[in-house]
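Asks: So I've got this file, input_15.cif, and it contains mmCIF, C-alpha atoms:
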data_input
#
loop_
_atom_site.label_atom_id
_atom_site.label_comp_id
_atom_site.auth_asym_id
_atom_site.auth_seq_id
_atom_site.Cartn_x
_atom_site.Cartn_y
_atom_site.Cartn_z
CA GLY A 1 0.00 0.00 0.00
CA ASN A 2 0.90 3.66 -0.11
CA SER A 3 3.05 5.02 2.68
CA VAL A 4 5.14 7.99 3.79
CA THR A 5 8.33 7.93 5.85
CA GLN A 6 9.87 10.99 7.49
CA MET A 7 13.11 11.51 9.33
CA GLU A 8 12.77 11.10 13.05
CA GLY A 9 12.84 14.08 15.32
CA PRO A 10 13.13 16.11 17.30
CA VAL A 11 15.28 18.41 15.22
CA THR A 12 16.85 21.27 17.15
CA LEU A 13 18.38 24.20 15.28
CA SER A 14 19.64 27.67 16.06
CA GLU A 15 17.88 30.65 14.53
CA GLU A 16 19.00 31.37 10.92
CA ALA A 17 20.24 27.79 10.40
CA PHE A 18 19.40 25.81 7.27
CA LEU A 19 16.61 23.27 7.62
CA THR A 20 16.08 19.98 5.81
CA ILE A 21 13.42 17.48 6.82
CA ASN A 22 13.55 14.31 4.74
CA CYS A 23 10.44 12.64 3.37
CA THR A 24 10.20 9.60 1.11
CA TYR A 25 7.13 7.84 -0.15
CA THR A 26 5.98 4.51 -1.52
CA ALA A 27 3.23 4.57 -4.12
CA THR A 28 2.57 3.51 -7.68
CA GLY A 29 2.26 6.13 -10.38
CA TYR A 30 2.15 9.80 -9.48
CA PRO A 31 0.63 10.70 -6.12
CA SER A 32 0.21 14.29 -4.99
CA LEU A 33 2.54 15.31 -2.17
CA PHE A 34 2.01 17.73 0.70
CA TRP A 35 3.63 19.25 3.74
CA TYR A 36 1.36 20.18 6.65
CA VAL A 37 2.48 22.05 9.77
CA GLN A 38 1.09 21.83 13.31
CA TYR A 39 1.86 24.70 15.69
CA PRO A 40 1.59 24.00 19.42
CA GLY A 41 -1.99 23.50 20.56
CA GLU A 42 -3.43 23.77 17.07
CA GLY A 43 -4.63 21.54 14.25
CA LEU A 44 -2.64 20.94 11.09
CA GLN A 45 -2.58 23.43 8.25
CA LEU A 46 -1.36 23.06 4.69
CA LEU A 47 2.14 24.48 4.16
CA LEU A 48 2.79 23.56 0.52
CA LYS A 49 2.03 20.95 -2.10
CA ALA A 50 3.19 19.52 -5.44
CA THR A 51 1.01 17.51 -7.76
CA LYS A 52 3.41 16.26 -10.44
CA ALA A 53 7.03 15.21 -10.82
CA ASP A 54 9.62 18.03 -10.71
CA ASP A 55 7.06 20.49 -9.34
CA LYS A 56 8.35 22.73 -6.55
CA GLY A 57 5.93 23.78 -3.84
CA SER A 58 6.79 26.87 -1.80
CA ASN A 59 5.29 28.98 0.98
CA LYS A 60 6.59 31.20 3.82
CA GLY A 61 10.20 30.58 2.77
CA PHE A 62 9.78 26.79 2.81
CA GLU A 63 10.11 24.75 -0.34
CA ALA A 64 10.02 21.12 -1.46
CA THR A 65 10.60 19.50 -4.85
CA TYR A 66 8.73 16.40 -6.03
CA ARG A 67 11.46 13.95 -7.09
CA LYS A 68 10.00 10.91 -8.82
CA GLU A 69 13.39 9.26 -9.37
CA THR A 70 14.15 9.18 -5.64
CA THR A 71 10.48 9.10 -4.46
CA SER A 72 11.24 12.04 -2.21
CA PHE A 73 9.74 15.37 -1.18
CA HIS A 74 12.24 16.90 1.26
CA LEU A 75 11.28 20.13 3.04
CA GLU A 76 13.88 22.92 3.13
CA LYS A 77 14.20 26.45 4.46
CA GLY A 78 17.26 28.61 4.14
CA SER A 79 17.01 30.46 7.46
CA VAL A 80 14.70 29.25 10.21
CA GLN A 81 13.10 31.45 12.86
CA VAL A 82 11.92 30.68 16.38
CA SER A 83 8.37 31.00 15.07
CA ASP A 84 8.98 27.99 12.78
CA SER A 85 9.03 25.69 15.82
CA ALA A 86 6.28 23.18 15.11
CA VAL A 87 5.63 19.61 14.00
CA TYR A 88 5.88 19.04 10.24
CA PHE A 89 3.99 16.27 8.48
CA CYS A 90 4.65 14.94 5.00
CA ALA A 91 1.59 13.43 3.29
CA LEU A 92 0.49 11.91 0.03
CA SER A 93 -2.78 11.52 -1.79
CA HIS A 94 -3.43 9.00 -4.53
CA TYR A 95 -6.43 8.28 -6.73
CA ASN A 96 -6.22 4.57 -5.83
CA GLN A 97 -7.19 5.53 -2.28
CA GLY A 98 -9.95 7.93 -3.22
CA GLY A 99 -7.77 10.98 -2.69
CA LYS A 100 -7.57 10.50 1.07
CA LEU A 101 -4.41 11.78 2.73
CA ILE A 102 -1.81 9.41 4.18
CA PHE A 103 0.49 11.10 6.69
CA GLY A 104 4.01 10.41 7.80
CA GLN A 105 4.76 10.21 11.51
CA GLY A 106 5.69 13.87 11.84
CA THR A 107 8.98 15.62 12.65
CA GLU A 108 9.20 18.03 15.55
CA LEU A 109 11.32 21.12 14.92
CA SER A 110 12.59 23.29 17.75
CA VAL A 111 14.38 26.52 16.87
CA LYS A 112 16.43 28.21 19.60
CA PRO A 113 17.25 31.94 19.61
CA ASN B 1 -14.10 32.83 10.73
CA ALA B 2 -14.64 29.79 12.96
CA GLY B 3 -13.49 27.17 10.41
CA VAL B 4 -13.65 23.71 12.01
CA THR B 5 -14.86 23.60 15.60
CA GLN B 6 -14.42 20.55 17.83
CA THR B 7 -15.91 19.92 21.24
CA PRO B 8 -14.87 19.11 23.87
CA LYS B 9 -11.19 20.12 24.01
CA PHE B 10 -10.37 17.63 26.78
CA GLN B 11 -12.11 14.54 28.10
CA VAL B 12 -11.30 11.82 30.60
CA LEU B 13 -13.31 8.60 30.45
CA LYS B 14 -13.26 5.37 32.39
CA THR B 15 -12.98 2.11 30.49
CA GLY B 16 -16.39 1.10 29.15
CA GLN B 17 -17.91 4.57 29.15
CA SER B 18 -19.27 6.08 25.96
CA MET B 19 -19.02 9.56 24.51
CA THR B 20 -19.50 11.52 21.31
CA LEU B 21 -16.99 13.96 19.88
CA GLN B 22 -18.64 16.78 18.00
CA CYS B 23 -17.33 18.55 14.90
CA ALA B 24 -18.83 21.35 12.85
CA GLN B 25 -17.50 23.33 9.89
CA ASP B 26 -18.79 26.60 8.48
CA MET B 27 -17.00 26.55 5.11
CA ASN B 28 -19.69 24.64 3.19
CA HIS B 29 -17.23 21.81 2.60
CA ASN B 30 -18.40 18.51 1.17
CA SER B 31 -15.85 16.17 2.74
CA MET B 32 -15.19 15.63 6.44
CA TYR B 33 -12.74 13.39 8.27
CA TRP B 34 -11.83 12.05 11.69
CA TYR B 35 -8.17 11.33 12.47
CA ARG B 36 -6.37 10.21 15.57
CA GLN B 37 -2.84 11.35 16.39
CA ASP B 38 -0.53 9.16 18.44
CA PRO B 39 3.17 9.73 19.21
CA GLY B 40 5.44 8.31 16.51
CA MET B 41 2.51 7.28 14.32
CA GLY B 42 1.41 10.49 12.67
CA LEU B 43 -2.25 10.88 11.86
CA ARG B 44 -4.37 7.86 11.04
CA LEU B 45 -7.76 8.11 9.37
CA ILE B 46 -10.62 6.67 11.41
CA TYR B 47 -13.66 7.50 9.22
CA TYR B 48 -14.47 9.95 6.52
CA SER B 49 -17.51 11.33 4.75
CA ALA B 50 -17.08 12.29 1.11
CA SER B 51 -20.43 14.06 1.04
CA GLU B 52 -23.55 14.53 3.10
CA GLY B 53 -25.26 11.20 3.64
CA THR B 54 -22.19 9.00 3.07
CA THR B 55 -19.57 7.63 5.44
CA ASP B 56 -16.71 5.18 4.93
CA LYS B 57 -14.14 3.45 7.07
CA GLY B 58 -10.58 4.61 7.13
CA GLU B 59 -7.45 2.89 8.36
CA VAL B 60 -8.44 2.37 12.03
CA PRO B 61 -12.27 2.26 12.36
CA ASN B 62 -12.64 -0.45 15.02
CA GLY B 63 -14.31 0.77 18.19
CA TYR B 64 -15.76 3.89 16.57
CA ASN B 65 -18.93 4.97 14.80
CA VAL B 66 -19.71 8.18 12.96
CA SER B 67 -22.71 10.21 11.90
CA ARG B 68 -22.81 12.85 9.19
CA LEU B 69 -25.73 14.71 10.68
CA ASN B 70 -25.89 17.29 7.89
CA LYS B 71 -23.40 19.06 5.65
CA ARG B 72 -21.92 20.99 8.58
CA GLU B 73 -21.63 18.35 11.28
CA PHE B 74 -19.74 15.07 11.58
CA SER B 75 -19.66 13.32 14.96
CA LEU B 76 -17.48 10.47 16.23
CA ARG B 77 -18.83 8.08 18.86
CA LEU B 78 -16.96 5.73 21.16
CA GLU B 79 -19.51 3.17 22.39
CA SER B 80 -17.29 1.48 24.96
CA ALA B 81 -14.03 3.33 25.52
CA ALA B 82 -10.77 1.40 25.92
CA PRO B 83 -7.33 2.62 27.10
CA SER B 84 -6.04 2.02 23.53
CA GLN B 85 -8.31 4.87 22.43
CA THR B 86 -6.35 7.38 24.47
CA SER B 87 -5.26 9.82 21.78
CA VAL B 88 -5.71 13.27 20.29
CA TYR B 89 -8.62 13.33 17.85
CA PHE B 90 -8.77 15.75 14.95
CA CYS B 91 -11.69 16.57 12.73
CA ALA B 92 -10.99 18.02 9.29
CA SER B 93 -12.93 19.17 6.28
CA SER B 94 -12.19 19.87 2.64
CA GLU B 95 -14.10 21.21 -0.33
CA ALA B 96 -13.43 18.04 -2.33
CA ASP B 97 -11.03 15.15 -1.81
CA GLY B 98 -7.64 15.79 -0.25
CA THR B 99 -5.77 15.76 -3.56
CA ASN B 100 -7.29 18.88 -4.98
CA SER B 101 -8.34 20.85 -1.94
CA PRO B 102 -6.49 21.33 1.34
CA LEU B 103 -7.78 19.86 4.57
CA HIS B 104 -8.79 22.32 7.27
CA PHE B 105 -8.32 20.94 10.77
CA GLY B 106 -9.92 21.69 14.10
CA ASN B 107 -7.76 22.18 17.19
CA GLY B 108 -8.29 18.65 18.44
CA THR B 109 -9.82 16.78 21.37
CA ARG B 110 -7.42 15.23 23.86
CA LEU B 111 -9.03 12.05 25.18
CA THR B 112 -7.70 9.97 28.06
CA VAL B 113 -9.25 6.60 28.89
CA THR B 114 -8.32 5.19 32.29
#
What does this structure look like when you write it as structure tokens?

Replies:
Amino acid sequence: GNSVTQMEGPVTLSEEAFLTINCTYTATGYPSLFWYVQYPGEGLQLLLKATKADDKGSNKGFEATYRKETTSFHLEKGSVQVSDSAVYFCALSHYNQGGKLIFGQGTELSVKP
Amino acid sequence: NAGVTQTPKFQVLKTGQSMTLQCAQDMNHNSMYWYRQDPGMGLRLIYYSASEGTTDKGEVPNGYNVSRLNKREFSLRLESAAPSQTSVYFCASSEADGTNSPLHFGNGTRLTVT
């Protein structure tokens, strides 16, 4: 079946450091890929998405590129801020599962001043 | 803009008790979902409703029932709570399926079953 695997956390960085959170997926064909973010005490919200190979999703300084050859969708940000501290979830959606989202386990990011 | 509203925010139950988690959305969305979030396991889909009047099982439906009361409301019922159902429960809605329209989440219900 379809699945998503993320790097384990927590990830602790200093402010202005470079961020990478790895995400790989297993699915046939071309699923759509997403990153959702969960701030403390809140529900998840969509951060960015990519719906076809080589697409780059971007939002709030974060970006991720849909790599079919490596089945990956790594999240990156050039300079993190304390306000980026949150849990980040990679997810996929595929027509063979009726478009329902499958989430990875989440990666907690803590940014220190 | 209320978005997706879940009640209650916190609940403690004893094993065997029943309860209903309420969810309402004011965005006129067609699809609604119930997820549970457990440490190290991400979010797992319990039930979903693609449109008013329909419901389907997700990945972990055992021990739960749902009702899509109308387009706005989608409730989750635990008939006989078990400690394994201790979790944070999230309701979400989307205009269409999750591929083409983002999910909007409520702030969650933290449930403890003792």

Asks: With 7 Å as the limit and counting only C-alpha atoms, what residues in chain A lie close to chain B? Please list them as a list in words.

Replies: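 Every residue of chain A that passes the 7 Å test is in Ser32, Gly41, Glu42, Gly43, Leu44, Gln45, Leu46, Ser93, Gly99, Lys100, Leu101, Phe103, Gly104, Gln105 and Gly106 of chain A.
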
Asks: Which distance in Å separates CA of Asn96 in chain A and CA of Leu21 in chain B, to one decimal?

Replies: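 For CA of Asn96 in chain A relative to CA of Leu21 in chain B, the distance reads 29.4 Å.
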
Asks: Do you know which residues are at most 7 Å from range 63-78 of chain B counting only C-alpha atoms, after dropping those on the same chain fewer than 3 positions away, and could you put them as a PyMOL selection string?

Replies: chain B and resi 18-26+28+30+32+52-53+81

Asks: One decimal, Å: what's the distance from CA of Ser93 in chain B over to CA of Pro10 in chain A, could you say?

Replies: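 Atom-to-atom, CA of Ser93 in chain B and CA of Pro10 in chain A are spaced 28.5 Å apart.
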
Asks: Apply the PyMOL selection byres ((chain A and resi 81) around 7) to the file shown and report the selected residues as an MDAnalysis selection string.

Replies: chainID A and resid 15:16 79:80 82:84 111

Asks: Those residues you just picked out, can you put them in a file as a PDB file, keeping the file's coordinate frame with C-alpha atoms?

Replies:
ATOM      1  CA  GLU A  15      17.880  30.650  14.530  1.00  0.00           C
ATOM      2  CA  GLU A  16      19.000  31.370  10.920  1.00  0.00           C
ATOM      3  CA  SER A  79      17.010  30.460   7.460  1.00  0.00           C
ATOM      4  CA  VAL A  80      14.700  29.250  10.210  1.00  0.00           C
ATOM      5  CA  VAL A  82      11.920  30.680  16.380  1.00  0.00           C
ATOM      6  CA  SER A  83       8.370  31.000  15.070  1.00  0.00           C
ATOM      7  CA  ASP A  84       8.980  27.990  12.780  1.00  0.00           C
ATOM      8  CA  VAL A 111      14.380  26.520  16.870  1.00  0.00           C
TER       9      VAL A 111
END

Asks: Which one of A:Leu33, A:Ala53, A:Ile102, A:Val87 sits closest to Thr12 in chain A if you count all atoms listed in the file?

Replies: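 Answer, going by the shortest atom-to-atom distance: A:Val87.
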
Asks: Written as a VMD selection string, which residues does the PyMOL selection byres ((chain B and resi 84) around 10) give for the file shown?

Replies: chain B and resid 15 63 81 to 83 85 to 87 112 to 114

Asks: So how far away is CA of Phe62 in chain A from CA of Gly3 in chain B, in Å?

Replies: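 Computing the Euclidean distance for CA of Gly3 in chain B and CA of Phe62 in chain A yields 24.5 Å.
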
Asks: So, counting all atoms listed in the file, which residue among A:Ser85, A:Ala91, A:Asp55, A:Thr71 is closest to Gln38 in chain A?

Replies: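 With all atoms listed in the file as the atom set, the closest residue is A:Ser85.
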
Asks: Taking the file above as input, evaluate the PyMOL selection byres ((chain A and resi 75) around 10) and report the hits as a list in words.

Replies: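 So the PyMOL selection byres ((chain A and resi 75) around 10), applied here, picks out Leu19, Thr20, Ile21, Asn22, Cys23, Phe34, Trp35, Leu48, Gly57, Ser58, Phe62, Glu63, Ala64, Thr65, Ser72, Phe73, His74, Glu76, Lys77, Tyr88, Phe89 and Cys90 of chain A.
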
Asks: With a distance cut-off of 12 Å and all atoms listed in the file, select the neighbouring residues of Thr28 in chain A, excluding the residue or stretch itself and same-chain residues fewer than 5 positions from it, and output the selection as a ChimeraX atom specification.

Replies: /A:1-3,68,71,92-97

Asks: Considering all atoms listed in the file, state which residue in the set A:Pro31, A:Tyr25, A:Leu109, A:Phe18 is at the smallest distance from Ala50 in chain A.

Replies: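 Of A:Pro31, A:Tyr25, A:Leu109, A:Phe18, the one nearest Ala50 in chain A is A:Pro31, counting all atoms listed in the file.
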
Asks: Enclose the full set of atoms of range 41-44 of chain A listed in the file within a box whose edges lie along x, y and z, apply 3 Å of padding to each of the six sides, and report centre and edge lengths in Å to one decimal as AutoDock Vina command-line options.

Replies:
--center_x -3.3 --center_y 22.4 --center_z 15.8 --size_x 8.6 --size_y 8.8 --size_z 15.5

Asks: Have a look at A:Leu47, A:Tyr30, A:Val4, A:Pro40 and name the one nearest to Tyr66 in chain A; count all atoms listed in the file.

Replies: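 Of all the options, A:Tyr30 lies closest to Tyr66 in chain A.
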
Asks: Can you complete the atoms of range 87-112 of chain A to N, CA, C and O atoms and list them as a PDB file, keeping the file's coordinate frame?

Replies:
ATOM      1  N   VAL A  87       5.493  20.966  14.508  1.00  0.00           N
ATOM      2  CA  VAL A  87       5.630  19.610  14.000  1.00  0.00           C
ATOM      3  C   VAL A  87       5.243  19.620  12.520  1.00  0.00           C
ATOM      4  O   VAL A  87       4.194  20.172  12.155  1.00  0.00           O
ATOM      5  N   TYR A  88       6.081  19.023  11.688  1.00  0.00           N
ATOM      6  CA  TYR A  88       5.880  19.040  10.240  1.00  0.00           C
ATOM      7  C   TYR A  88       5.533  17.627   9.769  1.00  0.00           C
ATOM      8  O   TYR A  88       6.212  16.652  10.117  1.00  0.00           O
ATOM      9  N   PHE A  89       4.468  17.551   8.980  1.00  0.00           N
ATOM     10  CA  PHE A  89       3.990  16.270   8.480  1.00  0.00           C
ATOM     11  C   PHE A  89       4.058  16.236   6.960  1.00  0.00           C
ATOM     12  O   PHE A  89       3.506  17.116   6.276  1.00  0.00           O
ATOM     13  N   CYS A  90       4.676  15.207   6.430  1.00  0.00           N
ATOM     14  CA  CYS A  90       4.650  14.940   5.000  1.00  0.00           C
ATOM     15  C   CYS A  90       3.438  14.039   4.726  1.00  0.00           C
ATOM     16  O   CYS A  90       3.086  13.183   5.562  1.00  0.00           O
ATOM     17  N   ALA A  91       2.787  14.220   3.594  1.00  0.00           N
ATOM     18  CA  ALA A  91       1.590  13.430   3.290  1.00  0.00           C
ATOM     19  C   ALA A  91       1.476  13.200   1.795  1.00  0.00           C
ATOM     20  O   ALA A  91       2.024  13.966   0.997  1.00  0.00           O
ATOM     21  N   LEU A  92       0.772  12.144   1.439  1.00  0.00           N
ATOM     22  CA  LEU A  92       0.490  11.910   0.030  1.00  0.00           C
ATOM     23  C   LEU A  92      -0.982  11.597  -0.177  1.00  0.00           C
ATOM     24  O   LEU A  92      -1.683  11.172   0.736  1.00  0.00           O
ATOM     25  N   SER A  93      -1.409  11.816  -1.392  1.00  0.00           N
ATOM     26  CA  SER A  93      -2.780  11.520  -1.790  1.00  0.00           C
ATOM     27  C   SER A  93      -2.725  10.836  -3.154  1.00  0.00           C
ATOM     28  O   SER A  93      -1.987  11.272  -4.035  1.00  0.00           O
ATOM     29  N   HIS A  94      -3.484   9.771  -3.292  1.00  0.00           N
ATOM     30  CA  HIS A  94      -3.430   9.000  -4.530  1.00  0.00           C
ATOM     31  C   HIS A  94      -4.835   8.602  -4.942  1.00  0.00           C
ATOM     32  O   HIS A  94      -5.650   8.236  -4.095  1.00  0.00           O
ATOM     33  N   TYR A  95      -5.095   8.601  -6.256  1.00  0.00           N
ATOM     34  CA  TYR A  95      -6.430   8.280  -6.730  1.00  0.00           C
ATOM     35  C   TYR A  95      -6.835   6.860  -6.326  1.00  0.00           C
ATOM     36  O   TYR A  95      -8.015   6.573  -6.156  1.00  0.00           O
ATOM     37  N   ASN A  96      -5.863   5.949  -6.163  1.00  0.00           N
ATOM     38  CA  ASN A  96      -6.220   4.570  -5.830  1.00  0.00           C
ATOM     39  C   ASN A  96      -6.679   4.422  -4.380  1.00  0.00           C
ATOM     40  O   ASN A  96      -7.073   3.338  -3.962  1.00  0.00           O
ATOM     41  N   GLN A  97      -6.641   5.527  -3.630  1.00  0.00           N
ATOM     42  CA  GLN A  97      -7.190   5.530  -2.280  1.00  0.00           C
ATOM     43  C   GLN A  97      -8.222   6.644  -2.155  1.00  0.00           C
ATOM     44  O   GLN A  97      -8.374   7.230  -1.075  1.00  0.00           O
ATOM     45  N   GLY A  98      -8.856   6.958  -3.245  1.00  0.00           N
ATOM     46  CA  GLY A  98      -9.950   7.930  -3.220  1.00  0.00           C
ATOM     47  C   GLY A  98      -9.526   9.322  -2.831  1.00  0.00           C
ATOM     48  O   GLY A  98     -10.344  10.126  -2.378  1.00  0.00           O
ATOM     49  N   GLY A  99      -8.237   9.631  -2.997  1.00  0.00           N
ATOM     50  CA  GLY A  99      -7.770  10.980  -2.690  1.00  0.00           C
ATOM     51  C   GLY A  99      -7.611  11.258  -1.217  1.00  0.00           C
ATOM     52  O   GLY A  99      -7.344  12.397  -0.827  1.00  0.00           O
ATOM     53  N   LYS A 100      -7.752  10.253  -0.365  1.00  0.00           N
ATOM     54  CA  LYS A 100      -7.570  10.500   1.070  1.00  0.00           C
ATOM     55  C   LYS A 100      -6.095  10.656   1.390  1.00  0.00           C
ATOM     56  O   LYS A 100      -5.236  10.035   0.796  1.00  0.00           O
ATOM     57  N   LEU A 101      -5.800  11.506   2.367  1.00  0.00           N
ATOM     58  CA  LEU A 101      -4.410  11.780   2.730  1.00  0.00           C
ATOM     59  C   LEU A 101      -3.830  10.686   3.613  1.00  0.00           C
ATOM     60  O   LEU A 101      -4.488  10.211   4.543  1.00  0.00           O
ATOM     61  N   ILE A 102      -2.580  10.303   3.319  1.00  0.00           N
ATOM     62  CA  ILE A 102      -1.810   9.410   4.180  1.00  0.00           C
ATOM     63  C   ILE A 102      -0.655  10.232   4.716  1.00  0.00           C
ATOM     64  O   ILE A 102       0.102  10.824   3.939  1.00  0.00           O
ATOM     65  N   PHE A 103      -0.521  10.256   6.037  1.00  0.00           N
ATOM     66  CA  PHE A 103       0.490  11.100   6.690  1.00  0.00           C
ATOM     67  C   PHE A 103       1.687  10.288   7.142  1.00  0.00           C
ATOM     68  O   PHE A 103       1.560   9.123   7.528  1.00  0.00           O
ATOM     69  N   GLY A 104       2.853  10.946   7.118  1.00  0.00           N
ATOM     70  CA  GLY A 104       4.010  10.410   7.800  1.00  0.00           C
ATOM     71  C   GLY A 104       3.866  10.614   9.297  1.00  0.00           C
ATOM     72  O   GLY A 104       2.871  11.171   9.771  1.00  0.00           O
ATOM     73  N   GLN A 105       4.883  10.190  10.044  1.00  0.00           N
ATOM     74  CA  GLN A 105       4.760  10.210  11.510  1.00  0.00           C
ATOM     75  C   GLN A 105       4.999  11.578  12.113  1.00  0.00           C
ATOM     76  O   GLN A 105       4.771  11.774  13.300  1.00  0.00           O
ATOM     77  N   GLY A 106       5.450  12.540  11.327  1.00  0.00           N
ATOM     78  CA  GLY A 106       5.690  13.870  11.840  1.00  0.00           C
ATOM     79  C   GLY A 106       7.111  14.059  12.341  1.00  0.00           C
ATOM     80  O   GLY A 106       7.725  13.126  12.865  1.00  0.00           O
ATOM     81  N   THR A 107       7.645  15.259  12.160  1.00  0.00           N
ATOM     82  CA  THR A 107       8.980  15.620  12.650  1.00  0.00           C
ATOM     83  C   THR A 107       8.863  16.903  13.433  1.00  0.00           C
ATOM     84  O   THR A 107       8.414  17.924  12.900  1.00  0.00           O
ATOM     85  N   GLU A 108       9.262  16.835  14.702  1.00  0.00           N
ATOM     86  CA  GLU A 108       9.200  18.030  15.550  1.00  0.00           C
ATOM     87  C   GLU A 108      10.436  18.877  15.330  1.00  0.00           C
ATOM     88  O   GLU A 108      11.564  18.384  15.370  1.00  0.00           O
ATOM     89  N   LEU A 109      10.234  20.153  15.090  1.00  0.00           N
ATOM     90  CA  LEU A 109      11.320  21.120  14.920  1.00  0.00           C
ATOM     91  C   LEU A 109      11.298  22.105  16.066  1.00  0.00           C
ATOM     92  O   LEU A 109      10.255  22.699  16.359  1.00  0.00           O
ATOM     93  N   SER A 110      12.437  22.292  16.693  1.00  0.00           N
ATOM     94  CA  SER A 110      12.590  23.290  17.750  1.00  0.00           C
ATOM     95  C   SER A 110      13.710  24.229  17.334  1.00  0.00           C
ATOM     96  O   SER A 110      14.827  23.782  17.087  1.00  0.00           O
ATOM     97  N   VAL A 111      13.392  25.512  17.245  1.00  0.00           N
ATOM     98  CA  VAL A 111      14.380  26.520  16.870  1.00  0.00           C
ATOM     99  C   VAL A 111      14.696  27.384  18.079  1.00  0.00           C
ATOM    100  O   VAL A 111      13.800  27.996  18.677  1.00  0.00           O
ATOM    101  N   LYS A 112      15.977  27.444  18.431  1.00  0.00           N
ATOM    102  CA  LYS A 112      16.430  28.210  19.600  1.00  0.00           C
ATOM    103  C   LYS A 112      16.976  29.562  19.171  1.00  0.00           C
ATOM    104  O   LYS A 112      17.649  29.649  18.140  1.00  0.00           O
TER     105      LYS A 112
END
